[in-house]
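Data from target_7.csv: CSV, C-alpha atoms
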chain,number,residue,atom,x,y,z
E,275,MET,CA,-33.3,19.8,-39.4
E,276,ALA,CA,-29.6,20.9,-39.6
E,277,THR,CA,-30.7,24.6,-40.1
E,278,SER,CA,-33.0,24.5,-37.1
E,279,ASN,CA,-30.1,23.0,-35.0
E,280,ARG,CA,-27.8,25.8,-36.1
E,281,LEU,CA,-30.4,28.4,-35.3
E,282,LEU,CA,-31.0,26.9,-31.9
E,283,ARG,CA,-27.3,26.8,-31.2
E,284,TYR,CA,-26.9,30.4,-32.2
E,285,ALA,CA,-29.9,31.4,-30.1
E,286,GLU,CA,-28.1,29.9,-27.1
E,287,SER,CA,-24.7,31.3,-28.0
E,288,ARG,CA,-22.7,33.9,-26.1
E,289,LYS,CA,-22.7,36.1,-29.2
E,290,ASN,CA,-26.5,36.2,-29.4
E,291,LEU,CA,-27.0,36.6,-25.6
E,292,THR,CA,-24.4,39.5,-25.5
E,293,GLY,CA,-26.0,41.1,-28.5
E,294,CYS,CA,-29.5,40.8,-27.0
E,295,ALA,CA,-28.2,42.4,-23.8
E,296,ALA,CA,-26.7,45.3,-25.8
E,297,GLY,CA,-29.9,45.6,-27.8
E,298,LEU,CA,-31.9,45.8,-24.6
E,299,ALA,CA,-29.6,48.7,-23.5
E,300,GLY,CA,-30.5,50.3,-26.8
E,301,LEU,CA,-34.2,49.9,-26.0
E,302,GLY,CA,-33.5,51.5,-22.7
E,303,LEU,CA,-31.9,54.5,-24.5
E,304,THR,CA,-34.9,54.7,-26.7
E,305,LEU,CA,-37.3,54.8,-23.7
E,306,THR,CA,-35.2,57.6,-22.2
E,307,GLY,CA,-35.4,59.5,-25.5
E,308,ALA,CA,-31.7,59.5,-26.1
E,309,ALA,CA,-31.9,57.5,-29.3
E,310,GLY,CA,-34.4,59.8,-31.0
E,311,SER,CA,-36.0,58.9,-34.3
E,312,LEU,CA,-33.0,56.6,-35.2
E,313,TRP,CA,-33.8,54.2,-32.4
E,314,PRO,CA,-34.1,51.1,-34.6
E,315,LEU,CA,-30.5,51.7,-35.9
E,316,VAL,CA,-29.3,52.2,-32.3
E,317,VAL,CA,-30.9,49.0,-31.2
E,318,VAL,CA,-29.6,47.0,-34.2
E,319,GLY,CA,-26.1,48.7,-33.9
E,320,LEU,CA,-25.8,47.8,-30.2
E,321,TYR,CA,-26.9,44.3,-30.9
E,322,GLY,CA,-24.3,43.9,-33.6
E,323,ALA,CA,-21.6,45.5,-31.4
E,324,GLY,CA,-22.5,43.2,-28.6
E,325,ALA,CA,-22.4,40.1,-30.8
E,326,LEU,CA,-19.0,41.2,-32.2
E,327,ILE,CA,-17.3,41.7,-28.8
E,328,ALA,CA,-18.7,38.5,-27.3
E,329,PRO,CA,-16.1,35.8,-26.7
E,330,PRO,CA,-16.2,32.9,-29.1
E,331,GLU,CA,-17.9,29.6,-28.2
E,332,ARG,CA,-15.5,27.0,-26.7
E,333,PRO,CA,-16.2,23.4,-27.4
E,334,ASP,CA,-16.8,21.2,-24.4
E,335,THR,CA,-13.7,19.4,-23.2
E,336,PRO,CA,-13.9,15.6,-24.0
E,337,HIS,CA,-14.7,13.3,-21.1
E,338,PHE,CA,-12.1,10.6,-20.6
E,339,PRO,CA,-12.6,7.8,-18.1
E,340,SER,CA,-11.2,8.4,-14.7
E,341,ALA,CA,-8.8,5.9,-13.1
E,342,ASP,CA,-11.7,4.4,-11.1
E,343,GLU,CA,-13.8,3.9,-14.3
E,344,GLN,CA,-10.7,2.4,-16.1
E,345,LEU,CA,-10.2,0.0,-13.1
E,346,ASP,CA,-13.9,-1.1,-13.2
E,347,ALA,CA,-13.5,-1.9,-16.9
E,348,LEU,CA,-10.2,-3.6,-16.3
E,349,ARG,CA,-11.7,-5.7,-13.5
E,350,ALA,CA,-14.5,-6.8,-15.9
E,351,ASP,CA,-11.9,-7.8,-18.5
E,352,PHE,CA,-9.9,-9.6,-15.8
E,353,THR,CA,-12.9,-11.7,-14.9
E,354,SER,CA,-13.3,-12.6,-18.6
E,355,LEU,CA,-9.6,-13.5,-18.7
E,356,ARG,CA,-10.0,-15.8,-15.7
E,357,ALA,CA,-12.9,-17.6,-17.3
E,358,TYR,CA,-10.7,-18.2,-20.4
E,359,LEU,CA,-7.7,-19.3,-18.4
E,360,ALA,CA,-9.8,-21.8,-16.4
E,361,GLU,CA,-10.7,-23.6,-19.6
E,362,VAL,CA,-7.1,-23.9,-20.9
E,363,GLU,CA,-5.1,-27.1,-20.2
E,364,LEU,CA,-1.7,-26.3,-18.9
E,365,PRO,CA,1.0,-28.4,-17.2
E,366,SER,CA,1.0,-28.1,-13.5
E,367,ALA,CA,4.2,-26.0,-13.2
E,368,LEU,CA,2.9,-23.5,-15.7
E,369,ARG,CA,-0.5,-23.5,-14.0
E,370,GLU,CA,1.2,-22.6,-10.7
E,371,ARG,CA,3.2,-19.8,-12.3
E,372,LEU,CA,0.0,-18.5,-13.9
E,373,THR,CA,-1.9,-18.7,-10.6
E,374,ALA,CA,0.8,-16.6,-8.9
E,375,LEU,CA,0.5,-14.0,-11.6
E,376,ASP,CA,-3.3,-14.1,-11.4
E,377,THR,CA,-3.2,-13.6,-7.6
E,378,LEU,CA,-0.8,-10.7,-7.9
E,379,ILE,CA,-2.9,-8.9,-10.6
E,380,GLU,CA,-6.1,-9.5,-8.6
E,381,ALA,CA,-4.5,-7.9,-5.5
E,382,LEU,CA,-3.3,-4.9,-7.6
E,383,LEU,CA,-6.8,-4.4,-9.1
E,384,GLU,CA,-8.4,-4.1,-5.7
E,385,PRO,CA,-9.9,-0.6,-5.2
E,386,GLY,CA,-7.7,2.0,-3.8
E,387,TRP,CA,-4.3,0.7,-4.9
E,388,VAL,CA,-3.5,1.5,-8.5
E,389,SER,CA,-4.1,5.1,-9.6
E,390,ASP,CA,-0.9,5.9,-11.5
E,391,PRO,CA,-1.8,5.9,-15.2
E,392,GLU,CA,1.5,4.2,-16.1
E,393,HIS,CA,0.8,1.3,-13.7
E,394,LEU,CA,-2.8,1.1,-14.9
E,395,HIS,CA,-1.4,0.9,-18.5
E,396,VAL,CA,0.9,-2.0,-17.6
E,397,LEU,CA,-1.9,-3.9,-15.9
E,398,ALA,CA,-4.3,-3.3,-18.7
E,399,ARG,CA,-1.7,-4.5,-21.2
E,400,ALA,CA,-1.1,-7.6,-19.2
E,401,VAL,CA,-4.8,-8.5,-18.8
E,402,ARG,CA,-6.0,-7.5,-22.2
E,403,LEU,CA,-3.0,-8.5,-24.4
E,404,ASP,CA,0.0,-10.1,-22.9
E,405,VAL,CA,-1.5,-13.0,-20.8
E,406,PRO,CA,-4.1,-14.0,-23.3
E,407,GLU,CA,-1.6,-13.8,-26.2
E,408,ALA,CA,1.0,-15.8,-24.3
E,409,VAL,CA,-1.4,-18.6,-23.3
E,410,ASP,CA,-3.1,-18.7,-26.7
E,411,THR,CA,0.2,-18.9,-28.5
E,412,PHE,CA,1.3,-21.7,-26.1
E,413,VAL,CA,-1.8,-23.7,-26.8
E,414,ARG,CA,-1.5,-23.3,-30.6
E,415,THR,CA,2.3,-24.0,-30.6
E,416,ARG,CA,2.0,-27.0,-28.3
E,417,TRP,CA,-0.4,-28.7,-30.7
E,418,TRP,CA,2.1,-28.2,-33.6
E,419,SER,CA,5.1,-29.2,-31.6
E,420,ARG,CA,3.8,-32.7,-31.5
E,421,PHE,CA,4.6,-33.0,-35.2
E,422,ALA,CA,7.9,-31.0,-35.3
E,423,SER,CA,10.8,-32.4,-33.3
E,424,GLY,CA,13.8,-30.4,-32.3
E,425,ALA,CA,12.1,-27.1,-31.8
E,426,ASP,CA,12.1,-25.1,-28.6
E,427,ALA,CA,9.6,-26.5,-26.1
E,428,PRO,CA,6.6,-24.2,-26.0
E,429,GLU,CA,6.5,-24.6,-22.2
E,430,SER,CA,9.8,-22.8,-21.8
E,431,HIS,CA,8.6,-19.8,-23.8
E,432,LEU,CA,5.4,-19.6,-21.8
E,433,GLU,CA,7.3,-19.9,-18.6
E,434,ARG,CA,9.7,-17.1,-19.6
E,435,GLN,CA,6.7,-14.9,-20.7
E,436,LEU,CA,4.9,-15.5,-17.4
E,437,THR,CA,8.1,-14.8,-15.4
E,438,ALA,CA,8.5,-11.4,-17.2
E,439,LEU,CA,4.9,-10.5,-16.7
E,440,HIS,CA,5.2,-11.4,-13.0
E,441,GLU,CA,8.3,-9.2,-12.7
E,442,GLU,CA,6.4,-6.3,-14.2
E,443,ALA,CA,3.5,-6.8,-11.8
E,444,THR,CA,5.9,-7.2,-8.9
E,445,ALA,CA,7.6,-3.9,-9.8
E,446,ILE,CA,4.2,-2.2,-9.5
E,447,ALA,CA,3.5,-3.8,-6.2
E,448,THR,CA,7.0,-2.8,-5.0
E,449,ALA,CA,6.4,0.8,-6.1
E,450,LEU,CA,3.0,0.9,-4.3
E,451,GLN,CA,4.7,-0.6,-1.1
E,452,GLU,CA,7.4,2.1,-1.2
E,453,ALA,CA,4.8,4.8,-1.7
E,454,GLU,CA,2.9,3.6,1.3
E,455,GLU,CA,6.1,3.4,3.4
E,456,ILE,CA,6.9,7.0,2.5
E,457,ARG,CA,3.4,8.1,3.3
E,458,GLN,CA,3.5,6.4,6.7
E,459,HIS,CA,6.9,7.9,7.4
E,460,ILE,CA,5.6,11.4,6.5
E,461,HIS,CA,2.5,11.0,8.6
E,462,THR,CA,4.7,9.8,11.6
E,463,GLU,CA,6.8,12.9,11.3
E,464,TYR,CA,3.8,15.1,11.1
E,465,VAL,CA,2.1,13.5,14.2
E,466,GLU,CA,5.4,13.7,16.2
E,467,GLY,CA,6.1,17.2,15.1
E,468,ARG,CA,2.6,18.4,16.1
E,469,GLY,CA,3.4,17.8,19.7
E,470,ASN,CA,6.4,20.2,19.7

File written out as structure tokens:
Amino acid sequence: MATSNRLLRYAESRKNLTGCAAGLAGLGLTLTGAAGSLWPLVVVGLYGAGALIAPPERPDTPHFPSADEQLDALRADFTSLRAYLAEVELPSALRERLTALDTLIEALLEPGWVSDPEHLHVLARAVRLDVPEAVDTFVRTRWWSRFASGADAPESHLERQLTALHEEATAIATALQEAEEIRQHIHTEYVEGRGN
């Protein structure tokens, strides 16, 4: 099976196709009588020369998901995260902070907004790692904190984590807003300048 695959790959290769074209030129020389009685050597020699001068095969470039494909996958993960967060019991103040972060991330994940790979990475990290880890750690620590007095309140840690994540998402939203303002300004100058 492996041998037949290699033969098939070689049959379709540039080297073989170039060699075949040169061999056909040798057959053309034979039909015109220029090759004489040594025509088999001329055909084989031209095939070999064509195969040697042909450019090497290049492997196909790997396909990486586009920003739209990454956003689709991230939206699916965000839906899973929301289902998880809906089941977790949180104090009302933390639930409000989490809802604000959730709303901001949902807005950023709408089609047509985030295309910068760096912003996409920050959102993916928040959805797939930071938010679930922060909430899960809070839930586990909260249970143990009932037995250990004097330790930092797990609520304060979760609140600080959610605040930091909200600031990261807000920075993305601010950058997008500034980019849109610049785009609008440039378009205004273009439209006004067209009339002159």

So how far away is atom CA of E:Ile379 from atom CA of E:Ala443, in Å?
6.8 Å

Quick check, in Å to one decimal: how far apart do atom CA of E:Leu403 and atom CA of E:Leu450 lie?
23.0 Å

Surrounding residues of stretch 284-293 of chain E excluding itself and chain neighbours under 5 positions, 12 Å, all atoms listed in the file, as a compact mmCIF listing (two decimals) with C-alpha atoms, keeping the file's coordinate frame:
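And here is the file that came out, selection_33.txt:
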# COMPACT_ATOMS: atom_id res chain seq x y z
CA THR E 277 -30.70 24.60 -40.10
CA SER E 278 -33.00 24.50 -37.10
CA ASN E 279 -30.10 23.00 -35.00
CA LEU E 298 -31.90 45.80 -24.60
CA ALA E 299 -29.60 48.70 -23.50
CA GLY E 300 -30.50 50.30 -26.80
CA VAL E 317 -30.90 49.00 -31.20
CA VAL E 318 -29.60 47.00 -34.20
CA GLY E 319 -26.10 48.70 -33.90
CA LEU E 320 -25.80 47.80 -30.20
CA TYR E 321 -26.90 44.30 -30.90
CA GLY E 322 -24.30 43.90 -33.60
CA ALA E 323 -21.60 45.50 -31.40
CA GLY E 324 -22.50 43.20 -28.60
CA ALA E 325 -22.40 40.10 -30.80
CA LEU E 326 -19.00 41.20 -32.20
CA ILE E 327 -17.30 41.70 -28.80
CA ALA E 328 -18.70 38.50 -27.30
CA PRO E 329 -16.10 35.80 -26.70
CA PRO E 330 -16.20 32.90 -29.10
CA GLU E 331 -17.90 29.60 -28.20
CA ARG E 332 -15.50 27.00 -26.70
CA PRO E 333 -16.20 23.40 -27.40

Expressed in Å to a single decimal, how great is the separation between atom CA of E:Glu370 and atom CA of E:Val401?
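Spanning atom CA of E:Glu370 to atom CA of E:Val401 is a straight-line distance of 17.3 Å.
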
From E:Ala449, E:Val413, E:Val316, E:Ile460, residue lying nearest E:Trp387 [all atoms listed in the file]:
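With all atoms listed in the file as the atom set, the closest residue is E:Ala449.
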
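Within 7 Å of stretch 429-438 of chain E, once all atoms listed in the file are used and residues closer than 3 positions along the same chain are dropped, the contacting residues are Leu368, Arg371, Leu372, Ala408, Phe412, Glu441 and Glu442 of chain E.
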
E:Val409, E:Ala308, E:Cys294, E:Ala447: which is nearest E:Pro365, counting all atoms listed in the file?
E:Val409

Leaving out E:Arg349 and any residue of its chain fewer than 4 positions from it, which residues lie within 7 Å of it when counting only C-alpha atoms, given as a PyMOL selection string?
chain E and resi 345+353+383

Kindly output stretch 354-365 of chain E as a tab-separated table (two decimals), in the frame of the given file, after building all heavy atoms.
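Generated output (out-v9.tsv):
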chain	number	residue	atom	x	y	z
E	354	SER	N	-13.21	-11.87	-17.34
E	354	SER	CA	-13.30	-12.60	-18.60
E	354	SER	C	-12.03	-13.42	-18.86
E	354	SER	O	-12.09	-14.57	-19.32
E	354	SER	CB	-13.55	-11.66	-19.77
E	354	SER	OG	-14.72	-10.94	-19.59
E	355	LEU	N	-10.88	-12.82	-18.57
E	355	LEU	CA	-9.60	-13.50	-18.70
E	355	LEU	C	-9.54	-14.75	-17.85
E	355	LEU	O	-9.10	-15.82	-18.29
E	355	LEU	CB	-8.44	-12.58	-18.46
E	355	LEU	CG	-7.04	-13.21	-18.50
E	355	LEU	CD1	-6.72	-13.70	-19.90
E	355	LEU	CD2	-6.00	-12.22	-18.02
E	356	ARG	N	-9.98	-14.60	-16.62
E	356	ARG	CA	-10.00	-15.80	-15.70
E	356	ARG	C	-10.82	-16.89	-16.20
E	356	ARG	O	-10.45	-18.07	-16.08
E	356	ARG	CB	-10.44	-15.32	-14.32
E	356	ARG	CG	-9.39	-14.65	-13.50
E	356	ARG	CD	-9.95	-14.34	-12.16
E	356	ARG	NE	-8.91	-14.48	-11.17
E	356	ARG	CZ	-9.07	-14.20	-9.90
E	356	ARG	NH1	-10.24	-13.77	-9.46
E	356	ARG	NH2	-8.08	-14.34	-9.05
E	357	ALA	N	-11.98	-16.55	-16.76
E	357	ALA	CA	-12.90	-17.60	-17.30
E	357	ALA	C	-12.17	-18.32	-18.45
E	357	ALA	O	-12.26	-19.55	-18.56
E	357	ALA	CB	-14.18	-16.97	-17.76
E	358	TYR	N	-11.47	-17.57	-19.29
E	358	TYR	CA	-10.70	-18.20	-20.40
E	358	TYR	C	-9.61	-19.08	-19.87
E	358	TYR	O	-9.43	-20.21	-20.34
E	358	TYR	CB	-10.17	-17.08	-21.31
E	358	TYR	CG	-9.08	-17.55	-22.25
E	358	TYR	CD1	-9.37	-18.36	-23.33
E	358	TYR	CD2	-7.75	-17.19	-22.03
E	358	TYR	CE1	-8.38	-18.80	-24.18
E	358	TYR	CE2	-6.74	-17.63	-22.88
E	358	TYR	CZ	-7.06	-18.44	-23.96
E	358	TYR	OH	-6.08	-18.87	-24.79
E	359	LEU	N	-8.85	-18.58	-18.90
E	359	LEU	CA	-7.70	-19.30	-18.40
E	359	LEU	C	-8.16	-20.61	-17.65
E	359	LEU	O	-7.42	-21.59	-17.61
E	359	LEU	CB	-6.87	-18.47	-17.45
E	359	LEU	CG	-6.16	-17.28	-18.10
E	359	LEU	CD1	-5.45	-16.44	-17.05
E	359	LEU	CD2	-5.21	-17.74	-19.19
E	360	ALA	N	-9.35	-20.59	-17.08
E	360	ALA	CA	-9.80	-21.80	-16.40
E	360	ALA	C	-10.10	-22.94	-17.36
E	360	ALA	O	-10.04	-24.11	-16.99
E	360	ALA	CB	-11.13	-21.45	-15.63
E	361	GLU	N	-10.39	-22.61	-18.63
E	361	GLU	CA	-10.70	-23.60	-19.60
E	361	GLU	C	-9.44	-24.20	-20.30
E	361	GLU	O	-9.49	-25.25	-20.93
E	361	GLU	CB	-11.63	-23.07	-20.68
E	361	GLU	CG	-12.98	-22.69	-20.15
E	361	GLU	CD	-13.86	-22.07	-21.23
E	361	GLU	OE1	-13.51	-22.18	-22.42
E	361	GLU	OE2	-14.88	-21.49	-20.86
E	362	VAL	N	-8.32	-23.49	-20.19
E	362	VAL	CA	-7.10	-23.90	-20.90
E	362	VAL	C	-6.37	-24.97	-20.12
E	362	VAL	O	-6.22	-24.88	-18.90
E	362	VAL	CB	-6.19	-22.66	-21.11
E	362	VAL	CG1	-4.86	-23.07	-21.73
E	362	VAL	CG2	-6.87	-21.63	-21.95
E	363	GLU	N	-5.92	-26.00	-20.85
E	363	GLU	CA	-5.10	-27.10	-20.20
E	363	GLU	C	-3.67	-26.66	-20.21
E	363	GLU	O	-3.08	-26.38	-21.25
E	363	GLU	CB	-5.31	-28.37	-20.98
E	363	GLU	CG	-6.68	-28.97	-20.87
E	363	GLU	CD	-6.79	-30.30	-21.60
E	363	GLU	OE1	-5.77	-31.03	-21.66
E	363	GLU	OE2	-7.87	-30.58	-22.11
E	364	LEU	N	-3.09	-26.63	-19.01
E	364	LEU	CA	-1.70	-26.30	-18.90
E	364	LEU	C	-0.99	-27.29	-17.97
E	364	LEU	O	-1.62	-27.86	-17.07
E	364	LEU	CB	-1.55	-24.88	-18.20
E	364	LEU	CG	-2.07	-23.68	-18.97
E	364	LEU	CD1	-2.02	-22.44	-18.09
E	364	LEU	CD2	-1.25	-23.46	-20.22
E	365	PRO	N	0.30	-27.51	-18.17
E	365	PRO	CA	1.00	-28.40	-17.20
E	365	PRO	C	1.02	-27.74	-15.84
E	365	PRO	O	0.89	-26.52	-15.69
E	365	PRO	CB	2.47	-28.36	-17.81
E	365	PRO	CG	2.32	-27.97	-19.24
E	365	PRO	CD	1.12	-27.08	-19.31
